[in-house]
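Just protein29.cif here, mmCIF, C-alpha atoms:
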data_protein
loop_
_atom_site.group_PDB
_atom_site.id
_atom_site.type_symbol
_atom_site.label_atom_id
_atom_site.label_comp_id
_atom_site.auth_asym_id
_atom_site.auth_seq_id
_atom_site.Cartn_x
_atom_site.Cartn_y
_atom_site.Cartn_z
ATOM 1 C CA MET A 1 52.485 119.811 197.414
ATOM 2 C CA GLU A 2 48.926 119.351 196.138
ATOM 3 C CA TYR A 3 49.366 115.824 194.845
ATOM 4 C CA LYS A 4 45.822 115.305 193.651
ATOM 5 C CA LYS A 5 45.612 118.562 191.671
ATOM 6 C CA TYR A 6 48.923 117.888 189.958
ATOM 7 C CA TYR A 7 47.951 114.319 189.075
ATOM 8 C CA GLU A 8 44.430 115.262 187.989
ATOM 9 C CA TYR A 9 45.680 118.063 185.761
ATOM 10 C CA PHE A 10 47.620 115.659 183.550
ATOM 11 C CA TYR A 11 44.973 112.925 183.828
ATOM 12 C CA ASN A 12 42.217 115.266 182.646
ATOM 13 C CA LYS A 13 44.390 116.864 179.974
ATOM 14 C CA THR A 14 45.317 113.571 178.297
ATOM 15 C CA TYR A 15 41.843 112.095 178.819
ATOM 16 C CA VAL A 16 40.366 115.020 176.892
ATOM 17 C CA ILE A 17 42.988 114.611 174.155
ATOM 18 C CA GLY A 18 42.119 110.925 173.860
ATOM 19 C CA GLU A 19 38.394 111.646 173.835
ATOM 20 C CA ARG A 20 38.823 114.247 171.097
ATOM 21 C CA LYS A 21 40.952 111.943 168.956
ATOM 22 C CA ILE A 22 38.427 109.121 169.286
ATOM 23 C CA LYS A 23 35.602 111.419 168.191
ATOM 24 C CA GLN A 24 37.667 112.683 165.238
ATOM 25 C CA THR A 25 38.434 109.109 164.225
ATOM 26 C CA LEU A 26 34.752 108.153 164.239
ATOM 27 C CA ILE A 27 33.763 111.204 162.204
ATOM 28 C CA LYS A 28 36.472 110.566 159.593
ATOM 29 C CA SER A 29 35.600 106.873 159.345
ATOM 30 C CA LYS A 30 31.904 107.635 158.955
ATOM 31 C CA ALA A 31 32.717 110.035 156.126
ATOM 32 C CA LYS A 32 34.539 107.160 154.390
ATOM 33 C CA SER A 33 31.548 104.817 154.989
ATOM 34 C CA LEU A 34 33.691 102.394 156.991
ATOM 35 C CA VAL A 35 31.944 99.881 159.253
ATOM 36 C CA PHE A 36 32.032 100.757 162.944
ATOM 37 C CA TYR A 37 34.189 97.918 164.249
ATOM 38 C CA LEU A 38 37.168 98.980 162.101
ATOM 39 C CA ASN A 39 37.482 102.087 164.261
ATOM 40 C CA LEU A 40 38.732 100.132 167.234
ATOM 41 C CA ASN A 41 42.039 99.216 165.587
ATOM 42 C CA ILE A 42 42.490 102.798 164.404
ATOM 43 C CA ILE A 43 41.803 104.105 167.907
ATOM 44 C CA LEU A 44 44.113 101.565 169.552
ATOM 45 C CA ASP A 45 46.918 102.435 167.151
ATOM 46 C CA THR A 46 46.532 106.147 167.913
ATOM 47 C CA GLN A 47 46.442 105.516 171.650
ATOM 48 C CA ASN A 48 49.512 103.266 171.459
ATOM 49 C CA LEU A 49 51.502 106.101 169.913
ATOM 50 C CA LEU A 50 50.391 108.461 172.667
ATOM 51 C CA ILE A 51 51.066 105.906 175.395
ATOM 52 C CA SER A 52 54.552 105.197 174.070
ATOM 53 C CA LYS A 53 55.406 108.846 174.746
ATOM 54 C CA LYS A 54 54.535 108.304 178.417
ATOM 55 C CA SER A 55 56.308 104.999 178.854
ATOM 56 C CA ASN A 56 58.589 105.765 181.816
ATOM 57 C CA ILE A 57 56.195 104.045 184.199
ATOM 58 C CA LEU A 58 56.012 101.002 181.939
ATOM 59 C CA LEU A 59 59.749 100.684 181.399
ATOM 60 C CA PHE A 60 60.922 101.136 185.002
ATOM 61 C CA ASP A 61 59.840 98.488 187.506
ATOM 62 C CA SER A 62 60.312 100.900 190.386
ATOM 63 C CA LEU A 63 57.745 103.302 188.901
ATOM 64 C CA ASN A 64 55.366 100.545 187.922
ATOM 65 C CA GLU A 65 55.431 99.383 191.522
ATOM 66 C CA LEU A 66 54.191 102.831 192.554
ATOM 67 C CA ASP A 67 51.278 102.313 190.186
ATOM 68 C CA THR A 68 50.501 99.030 191.959
ATOM 69 C CA ILE A 69 50.651 100.725 195.366
ATOM 70 C CA PHE A 70 48.243 103.418 194.135
ATOM 71 C CA VAL A 71 45.723 100.852 192.851
ATOM 72 C CA ASN A 72 45.904 98.714 195.991
ATOM 73 C CA SER A 73 45.611 101.666 198.400
ATOM 74 C CA ILE A 74 43.076 103.955 196.722
ATOM 75 C CA TYR A 75 40.116 102.525 198.654
ATOM 76 C CA ASP A 76 41.813 102.664 202.048
ATOM 77 C CA TYR A 77 40.364 106.152 202.512
ATOM 78 C CA THR A 78 36.766 107.299 202.823
ATOM 79 C CA GLU A 79 37.409 110.706 201.206
ATOM 80 C CA ASN A 80 40.135 112.573 199.313
ATOM 81 C CA ASN A 81 41.229 109.163 198.037
ATOM 82 C CA GLU A 82 43.693 110.260 195.383
ATOM 83 C CA GLU A 83 45.306 113.005 197.449
ATOM 84 C CA LEU A 84 45.807 110.813 200.519
ATOM 85 C CA THR A 85 46.960 107.785 198.551
ATOM 86 C CA LEU A 86 49.580 109.777 196.666
ATOM 87 C CA LYS A 87 50.728 111.574 199.808
ATOM 88 C CA ASN A 88 50.698 108.743 202.355
ATOM 89 C CA ASN A 89 51.306 105.630 200.254
ATOM 90 C CA VAL A 90 52.981 106.506 196.983
ATOM 91 C CA TYR A 91 55.315 109.393 197.846
ATOM 92 C CA PRO A 92 57.039 107.647 200.802
ATOM 93 C CA GLU A 93 57.792 104.665 198.552
ATOM 94 C CA TYR A 94 59.086 106.957 195.820
ATOM 95 C CA LEU A 95 61.624 108.388 198.263
ATOM 96 C CA LYS A 96 63.032 104.884 198.777
ATOM 97 C CA ILE A 97 63.865 104.427 195.085
ATOM 98 C CA LYS A 98 67.552 104.775 194.188
ATOM 99 C CA ASN A 99 68.577 107.211 191.460
ATOM 100 C CA ASP A 100 69.838 104.431 189.189
ATOM 101 C CA GLN A 101 66.342 102.915 189.259
ATOM 102 C CA LEU A 102 64.795 106.090 187.851
ATOM 103 C CA PRO A 103 64.997 107.943 184.517
ATOM 104 C CA SER A 104 67.662 110.636 184.502
ATOM 105 C CA ASN A 105 66.719 113.942 186.140
ATOM 106 C CA TYR A 106 63.443 112.455 187.357
ATOM 107 C CA SER A 107 61.312 113.968 190.122
ATOM 108 C CA PHE A 108 58.079 113.089 191.889
ATOM 109 C CA ASN A 109 56.357 115.887 189.999
ATOM 110 C CA LYS A 110 57.477 114.247 186.773
ATOM 111 C CA PHE A 111 56.118 110.928 188.025
ATOM 112 C CA LEU A 112 52.754 112.538 188.773
ATOM 113 C CA SER A 113 52.612 113.991 185.259
ATOM 114 C CA ASP A 114 53.575 110.647 183.657
ATOM 115 C CA PHE A 115 51.225 108.716 185.920
ATOM 116 C CA GLY A 116 48.245 111.006 185.370
ATOM 117 C CA ALA A 117 48.789 111.068 181.604
ATOM 118 C CA LEU A 118 49.153 107.298 181.371
ATOM 119 C CA LYS A 119 46.034 106.655 183.444
ATOM 120 C CA GLY A 120 44.049 109.145 181.382
ATOM 121 C CA LEU A 121 45.028 107.502 178.094
ATOM 122 C CA ILE A 122 44.307 103.985 179.308
ATOM 123 C CA ASP A 123 40.990 104.924 180.904
ATOM 124 C CA VAL A 124 39.568 106.780 177.909
ATOM 125 C CA VAL A 125 40.080 103.745 175.674
ATOM 126 C CA LYS A 126 38.720 101.397 178.326
ATOM 127 C CA LYS A 127 35.558 103.489 178.821
ATOM 128 C CA PHE A 128 35.053 103.717 175.055
ATOM 129 C CA GLN A 129 35.275 99.937 174.746
ATOM 130 C CA GLU A 130 32.932 99.359 177.689
ATOM 131 C CA ASN A 131 30.251 101.575 176.091
ATOM 132 C CA SER A 132 30.861 100.707 172.436
ATOM 133 C CA ASN A 133 27.155 99.970 171.789
ATOM 134 C CA GLN A 134 26.269 103.539 172.723
ATOM 135 C CA TYR A 135 28.908 104.973 170.369
ATOM 136 C CA GLN A 136 27.973 102.591 167.590
ATOM 137 C CA LYS A 137 24.446 104.010 167.671
ATOM 138 C CA MET A 138 25.850 107.545 167.317
ATOM 139 C CA TYR A 139 28.038 106.299 164.491
ATOM 140 C CA GLU A 140 25.199 104.690 162.591
ATOM 141 C CA GLU A 141 23.038 107.801 162.988
ATOM 142 C CA ASN A 142 26.012 110.043 162.119
ATOM 143 C CA ASN A 143 25.178 112.232 165.081
ATOM 144 C CA PHE A 144 28.071 113.032 167.418
ATOM 145 C CA SER A 145 26.612 116.177 168.995
ATOM 146 C CA ASN A 146 26.289 114.435 172.377
ATOM 147 C CA PHE A 147 29.533 112.499 172.123
ATOM 148 C CA LYS A 148 31.167 112.202 175.531
ATOM 149 C CA ILE A 149 33.241 109.505 177.226
ATOM 150 C CA PRO A 150 32.519 109.793 180.974
ATOM 151 C CA LYS A 151 35.560 109.538 183.216
ATOM 152 C CA ARG A 152 35.984 106.720 185.674
ATOM 153 C CA ASN A 153 35.109 108.104 189.099
ATOM 154 C CA ILE A 154 37.568 106.639 191.569
ATOM 155 C CA ILE A 155 36.913 109.154 194.324
ATOM 156 C CA ILE A 156 34.650 107.802 197.052
ATOM 157 C CA GLN A 157 32.890 110.405 199.181
ATOM 158 C CA ASN A 158 31.091 109.751 202.467
ATOM 159 C CA THR A 159 31.588 106.005 202.254
ATOM 160 C CA PRO A 160 31.473 104.124 205.568
ATOM 161 C CA ILE A 161 34.738 102.508 206.622
ATOM 162 C CA ASN A 162 34.746 98.834 205.745
ATOM 163 C CA LEU A 163 36.688 96.808 208.298
ATOM 164 C CA THR A 164 36.259 93.579 206.346
ATOM 165 C CA PRO A 165 39.581 92.308 204.964
ATOM 166 C CA PRO A 166 39.968 92.492 201.167
ATOM 167 C CA GLU A 167 40.082 88.713 200.700
ATOM 168 C CA PRO A 168 36.293 88.214 200.252
ATOM 169 C CA LYS A 169 36.227 90.711 197.353
ATOM 170 C CA LEU A 170 39.215 89.017 195.779
ATOM 171 C CA LYS A 171 37.555 85.632 196.259
ATOM 172 C CA SER A 172 34.358 86.835 194.601
ATOM 173 C CA GLN A 173 36.344 88.153 191.628
ATOM 174 C CA ILE A 174 38.115 84.848 191.166
ATOM 175 C CA ASN A 175 34.813 82.974 191.389
ATOM 176 C CA GLY A 176 33.436 85.162 188.629
ATOM 177 C CA ASP A 177 30.985 87.158 190.717
ATOM 178 C CA TYR A 178 32.953 90.271 189.772
ATOM 179 C CA ASN A 179 35.289 89.086 187.073
ATOM 180 C CA ASN A 180 37.425 91.784 185.467
ATOM 181 C CA LEU A 181 39.224 89.426 183.066
ATOM 182 C CA LYS A 182 37.990 88.884 179.527
ATOM 183 C CA GLU A 183 38.203 85.568 177.690
ATOM 184 C CA ASP A 184 41.146 86.619 175.523
ATOM 185 C CA GLN A 185 43.018 87.768 178.633
ATOM 186 C CA LYS A 186 42.390 84.434 180.343
ATOM 187 C CA ALA A 187 43.534 82.580 177.243
ATOM 188 C CA PHE A 188 46.744 84.614 177.136
ATOM 189 C CA LEU A 189 47.388 83.858 180.817
ATOM 190 C CA PHE A 190 46.858 80.195 179.926
ATOM 191 C CA HIS A 191 49.504 80.596 177.220
ATOM 192 C CA ILE A 192 51.894 82.122 179.756
ATOM 193 C CA MET A 193 51.265 79.302 182.223
ATOM 194 C CA CYS A 194 51.984 76.741 179.501
ATOM 195 C CA VAL A 195 55.264 78.504 178.649
ATOM 196 C CA ALA A 196 56.260 78.313 182.307
ATOM 197 C CA LEU A 197 55.407 74.604 182.490
ATOM 198 C CA SER A 198 57.003 73.567 179.196
ATOM 199 C CA GLU A 199 59.929 71.192 179.535
ATOM 200 C CA LYS A 200 63.110 72.143 177.703
ATOM 201 C CA LYS A 201 63.115 69.020 175.552
ATOM 202 C CA GLU A 202 59.603 69.713 174.329
ATOM 203 C CA VAL A 203 60.151 73.379 173.482
ATOM 204 C CA LYS A 204 60.823 74.519 169.934
ATOM 205 C CA LYS A 205 64.216 76.030 169.221
ATOM 206 C CA GLU A 206 62.880 79.578 168.802
ATOM 207 C CA GLU A 207 60.982 79.283 172.112
ATOM 208 C CA LYS A 208 63.762 77.659 174.113
ATOM 209 C CA GLU A 209 65.252 80.831 175.558
ATOM 210 C CA GLU A 210 61.835 82.037 176.679
ATOM 211 C CA SER A 211 61.094 78.759 178.481
ATOM 212 C CA VAL A 212 64.502 78.433 180.117
ATOM 213 C CA LEU A 213 64.386 81.965 181.526
ATOM 214 C CA PHE A 214 60.779 81.852 182.697
ATOM 215 C CA ASN A 215 59.174 79.670 185.346
ATOM 216 C CA LEU A 216 56.562 80.150 188.013
ATOM 217 C CA PRO A 217 56.304 79.128 191.685
ATOM 218 C CA TYR A 218 53.482 76.784 192.625
ATOM 219 C CA THR A 219 51.551 79.596 194.297
ATOM 220 C CA GLU A 220 51.317 81.564 191.049
ATOM 221 C CA LEU A 221 50.480 78.458 189.033
ATOM 222 C CA ILE A 222 47.567 77.740 191.349
ATOM 223 C CA ARG A 223 46.360 81.342 191.176
ATOM 224 C CA LEU A 224 46.611 81.389 187.392
ATOM 225 C CA ASN A 225 44.745 78.112 187.159
ATOM 226 C CA SER A 226 41.932 79.578 189.257
ATOM 227 C CA LEU A 227 41.745 82.735 187.145
ATOM 228 C CA ILE A 228 41.895 80.938 183.801
ATOM 229 C CA ASP A 229 38.827 78.835 184.596
ATOM 230 C CA PHE A 230 36.822 78.972 181.358
ATOM 231 C CA ILE A 231 34.932 76.529 179.143
ATOM 232 C CA ASP A 232 35.730 76.264 175.438
ATOM 233 C CA LYS A 233 32.769 74.872 173.505
ATOM 234 C CA TYR A 234 34.993 73.978 170.540
ATOM 235 C CA CYS A 235 37.568 71.867 172.362
ATOM 236 C CA PHE A 236 35.843 68.499 171.713
ATOM 237 C CA GLU A 237 34.796 69.268 168.137
ATOM 238 C CA LYS A 238 36.576 68.709 164.839
ATOM 239 C CA ASN A 239 36.952 72.446 164.309
ATOM 240 C CA PHE A 240 38.690 72.985 167.657
ATOM 241 C CA ARG A 241 41.416 74.975 165.900
ATOM 242 C CA ASP A 242 38.820 77.643 165.109
ATOM 243 C CA SER A 243 38.536 78.442 168.794
ATOM 244 C CA ASN A 244 39.846 81.856 169.743
ATOM 245 C CA ASN A 245 41.250 80.328 172.931
ATOM 246 C CA TYR A 246 43.159 77.721 170.918
ATOM 247 C CA LYS A 247 44.636 80.385 168.633
ATOM 248 C CA ILE A 248 45.804 82.507 171.567
ATOM 249 C CA LEU A 249 47.163 79.466 173.380
ATOM 250 C CA THR A 250 49.254 78.365 170.397
ATOM 251 C CA LYS A 251 50.284 81.751 169.003
ATOM 252 C CA GLY A 252 50.487 83.873 172.142
ATOM 253 C CA LEU A 253 50.844 87.580 171.417
ATOM 254 C CA ASN A 254 51.230 86.865 167.677
ATOM 255 C CA HIS A 255 47.489 86.162 167.604
ATOM 256 C CA PHE A 256 46.780 89.872 168.090
ATOM 257 C CA GLU A 257 47.188 92.615 165.520
ATOM 258 C CA LYS A 258 50.335 94.676 166.038
ATOM 259 C CA THR A 259 48.235 97.768 166.687
ATOM 260 C CA GLU A 260 46.374 95.983 169.493
ATOM 261 C CA ARG A 261 49.278 94.458 171.400
ATOM 262 C CA ILE A 262 50.482 97.322 173.581
ATOM 263 C CA ILE A 263 47.035 98.309 174.825
ATOM 264 C CA PHE A 264 46.129 94.622 175.348
ATOM 265 C CA LEU A 265 49.207 94.083 177.532
ATOM 266 C CA LEU A 266 48.706 97.378 179.374
ATOM 267 C CA THR A 267 45.116 96.484 180.182
ATOM 268 C CA LEU A 268 46.062 92.960 181.247
ATOM 269 C CA VAL A 269 48.773 94.216 183.629
ATOM 270 C CA ASP A 270 46.260 96.645 185.118
ATOM 271 C CA ASN A 271 43.579 93.964 185.506
ATOM 272 C CA ILE A 272 45.767 91.394 187.287
ATOM 273 C CA LYS A 273 47.271 93.799 189.845
ATOM 274 C CA ILE A 274 45.117 92.531 192.703
ATOM 275 C CA TYR A 275 45.794 88.840 192.093
ATOM 276 C CA GLN A 276 49.329 88.687 193.515
ATOM 277 C CA LEU A 277 51.121 87.468 190.384
ATOM 278 C CA PRO A 278 54.551 89.174 190.583
ATOM 279 C CA LYS A 279 56.504 86.903 188.229
ATOM 280 C CA THR A 280 53.663 86.712 185.715
ATOM 281 C CA THR A 281 53.348 90.501 185.754
ATOM 282 C CA LYS A 282 57.093 90.959 185.316
ATOM 283 C CA TYR A 283 57.055 88.544 182.368
ATOM 284 C CA ILE A 284 54.185 90.428 180.701
ATOM 285 C CA LYS A 285 56.007 93.734 181.204
ATOM 286 C CA THR A 286 59.069 92.223 179.518
ATOM 287 C CA ILE A 287 56.911 91.389 176.501
ATOM 288 C CA LEU A 288 55.396 94.884 176.697
ATOM 289 C CA ASN A 289 58.856 96.427 176.700
ATOM 290 C CA ASN A 290 59.788 94.431 173.597
ATOM 291 C CA GLU A 291 56.644 95.576 171.803
ATOM 292 C CA HIS A 292 57.359 99.161 172.781
ATOM 293 C CA ASN A 293 60.893 98.909 171.367
ATOM 294 C CA LYS A 294 59.549 97.461 168.114
ATOM 295 C CA SER A 295 57.061 100.311 167.871
ATOM 296 C CA GLU A 296 59.820 102.875 168.418
ATOM 297 C CA LYS A 297 61.990 101.297 165.706
ATOM 298 C CA MET A 298 59.086 101.339 163.260
ATOM 299 C CA LYS A 299 58.554 105.059 163.899
ATOM 300 C CA MET A 300 62.231 105.763 163.252
ATOM 301 C CA LYS A 301 62.141 104.162 159.791
#

For this file, produce the structure as structure tokens.
Amino acid sequence: MEYKKYYEYFYNKTYVIGERKIKQTLIKSKAKSLVFYLNLNIILDTQNLLISKKSNILLFDSLNELDTIFVNSIYDYTENNEELTLKNNVYPEYLKIKNDQLPSNYSFNKFLSDFGALKGLIDVVKKFQENSNQYQKMYEENNFSNFKIPKRNIIIQNTPINLTPPEPKLKSQINGDYNNLKEDQKAFLFHIMCVALSEKKEVKKEEKEESVLFNLPYTELIRLNSLIDFIDKYCFEKNFRDSNNYKILTKGLNHFEKTERIIFLLTLVDNIKIYQLPKTTKYIKTILNNEHNKSEKMKMK
């Protein structure tokens, strides 16, 4: 089986679809004289609908674990990264999964198609957000002739083997030298940590079930505390409630627009993979599953 070609086919196919839809959205919005920033919500809503169609990996822990294995193993090889990772790391673990832990009539080929499509959809939005200034300039000039969202290149060719353990890189990320977490993501992790620490007697009635069912071991609390490390300039001022961090801390996911929630949670799960937060990740995926179900019910009405 040519794992890489099969995966890349669906990755590229859905990436191109996402890229085309983003361009169409910008053109339509420009024709309506809408300001640029309003496009993000429109794009996120469109991507959420596409992602929900490829949700097997999000809804089954066994498949999501394969995603984690892929991310953690991709740089173990100096060439043919995707092919070797899928063949040597992901496929053997797939074979260990019991049938009742998989969607009905599911195969590894189906996983590769779901996985490639999901990665393509997530990446195209991420790359658009990372280069929003470039696209805003096109938008303001109403010139999309050179519109292109470059793919993330995860294939490393001719790279020397690095025998240094991964801990130093992880340490540098936590210290902020290579921080992949945004402020709103840190604030949401702070909210999650507070939920885990809340005592039953102090929890509101509507939040009681959440607090009772969710707690964290000391190791995860320490790791979260290290990751959350941020300074809020409003916290000692009278208008502290205006702080974005305060709003996320008190409202949790309700702070975000409904159209933003699924992609926010997807991105957060992807960004915390390397930080060894299994219970936190599982909790976020539970919230993600709930949001997905809400989205499906809304589409059925």

Hits from the PyMOL selection byres ((chain A and resi 189) around 9), listed as an NGL selection string = :A and (184-188 or 190-194 or 224-225 or 227-228 or 249 or 280)

key: Atomic separation - atom CA of A:Ser104 relative to atom CA of A:Gly120, Å   =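 Computing the Euclidean distance for atom CA of A:Gly120 and atom CA of A:Ser104 yields 23.9 Å.
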
key: Who sits within 10 Å of A:Asp45, all atoms listed in the file, same chain under 5 positions skipped, as a list in words   =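 The filter keeps Asn39, Leu40, Leu50, Ile51, Glu257, Lys258, Thr259, Glu260, Arg261, Ile262 and Ile263 of chain A.
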
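For the residues A:Ile284, A:Glu8, A:Leu34, A:Lys23, ranking by smallest atom-to-atom distance to A:Asn146 using all atoms listed in the file places A:Lys23 first.
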
Selection near A:Gln101, 12 Å with only C-alpha atoms, sequence-local residues under 5 positions removed, as a VMD selection string = chain A and resid 56 to 57 59 to 65 94 to 96 106

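We find atom CA of A:Leu86 and atom CA of A:Leu58 to be spaced 18.3 Å apart.
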
key: One-decimal distance in Å that lies between atom CA of A:Arg20 and atom CA of A:Phe108   = 28.4 Å

request  = Could you tell me which residues the PyMOL selection byres ((chain A and resi 42) around 10) returns for this structure, as JSON, numbers by chain?
outcome  = {"A": [22, 25, 26, 29, 37, 38, 39, 40, 41, 43, 44, 45, 46, 47, 48, 259, 260]}

query = So, counting all atoms listed in the file, which residue among A:Thr281, A:Ser226, A:Val195, A:Phe10 is closest to A:Gly252?
reply = A:Val195

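Nearest to A:Lys127 of all the residues A:Phe230, A:Tyr275, A:Phe70, A:Tyr15 is A:Tyr15, based on only C-alpha atoms.
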
Closest of A:Lys294, A:Lys4, A:Lys247, A:Lys182 to A:Val90 - atom-to-atom distances counting only C-alpha atoms =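 Of A:Lys294, A:Lys4, A:Lys247, A:Lys182, the one nearest A:Val90 is A:Lys4, counting only C-alpha atoms.
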
key: Residue with smallest distance to A:Thr286 - pool A:Tyr77, A:Tyr135, A:Tyr6, A:Phe214, counting all atoms listed in the file   = A:Phe214
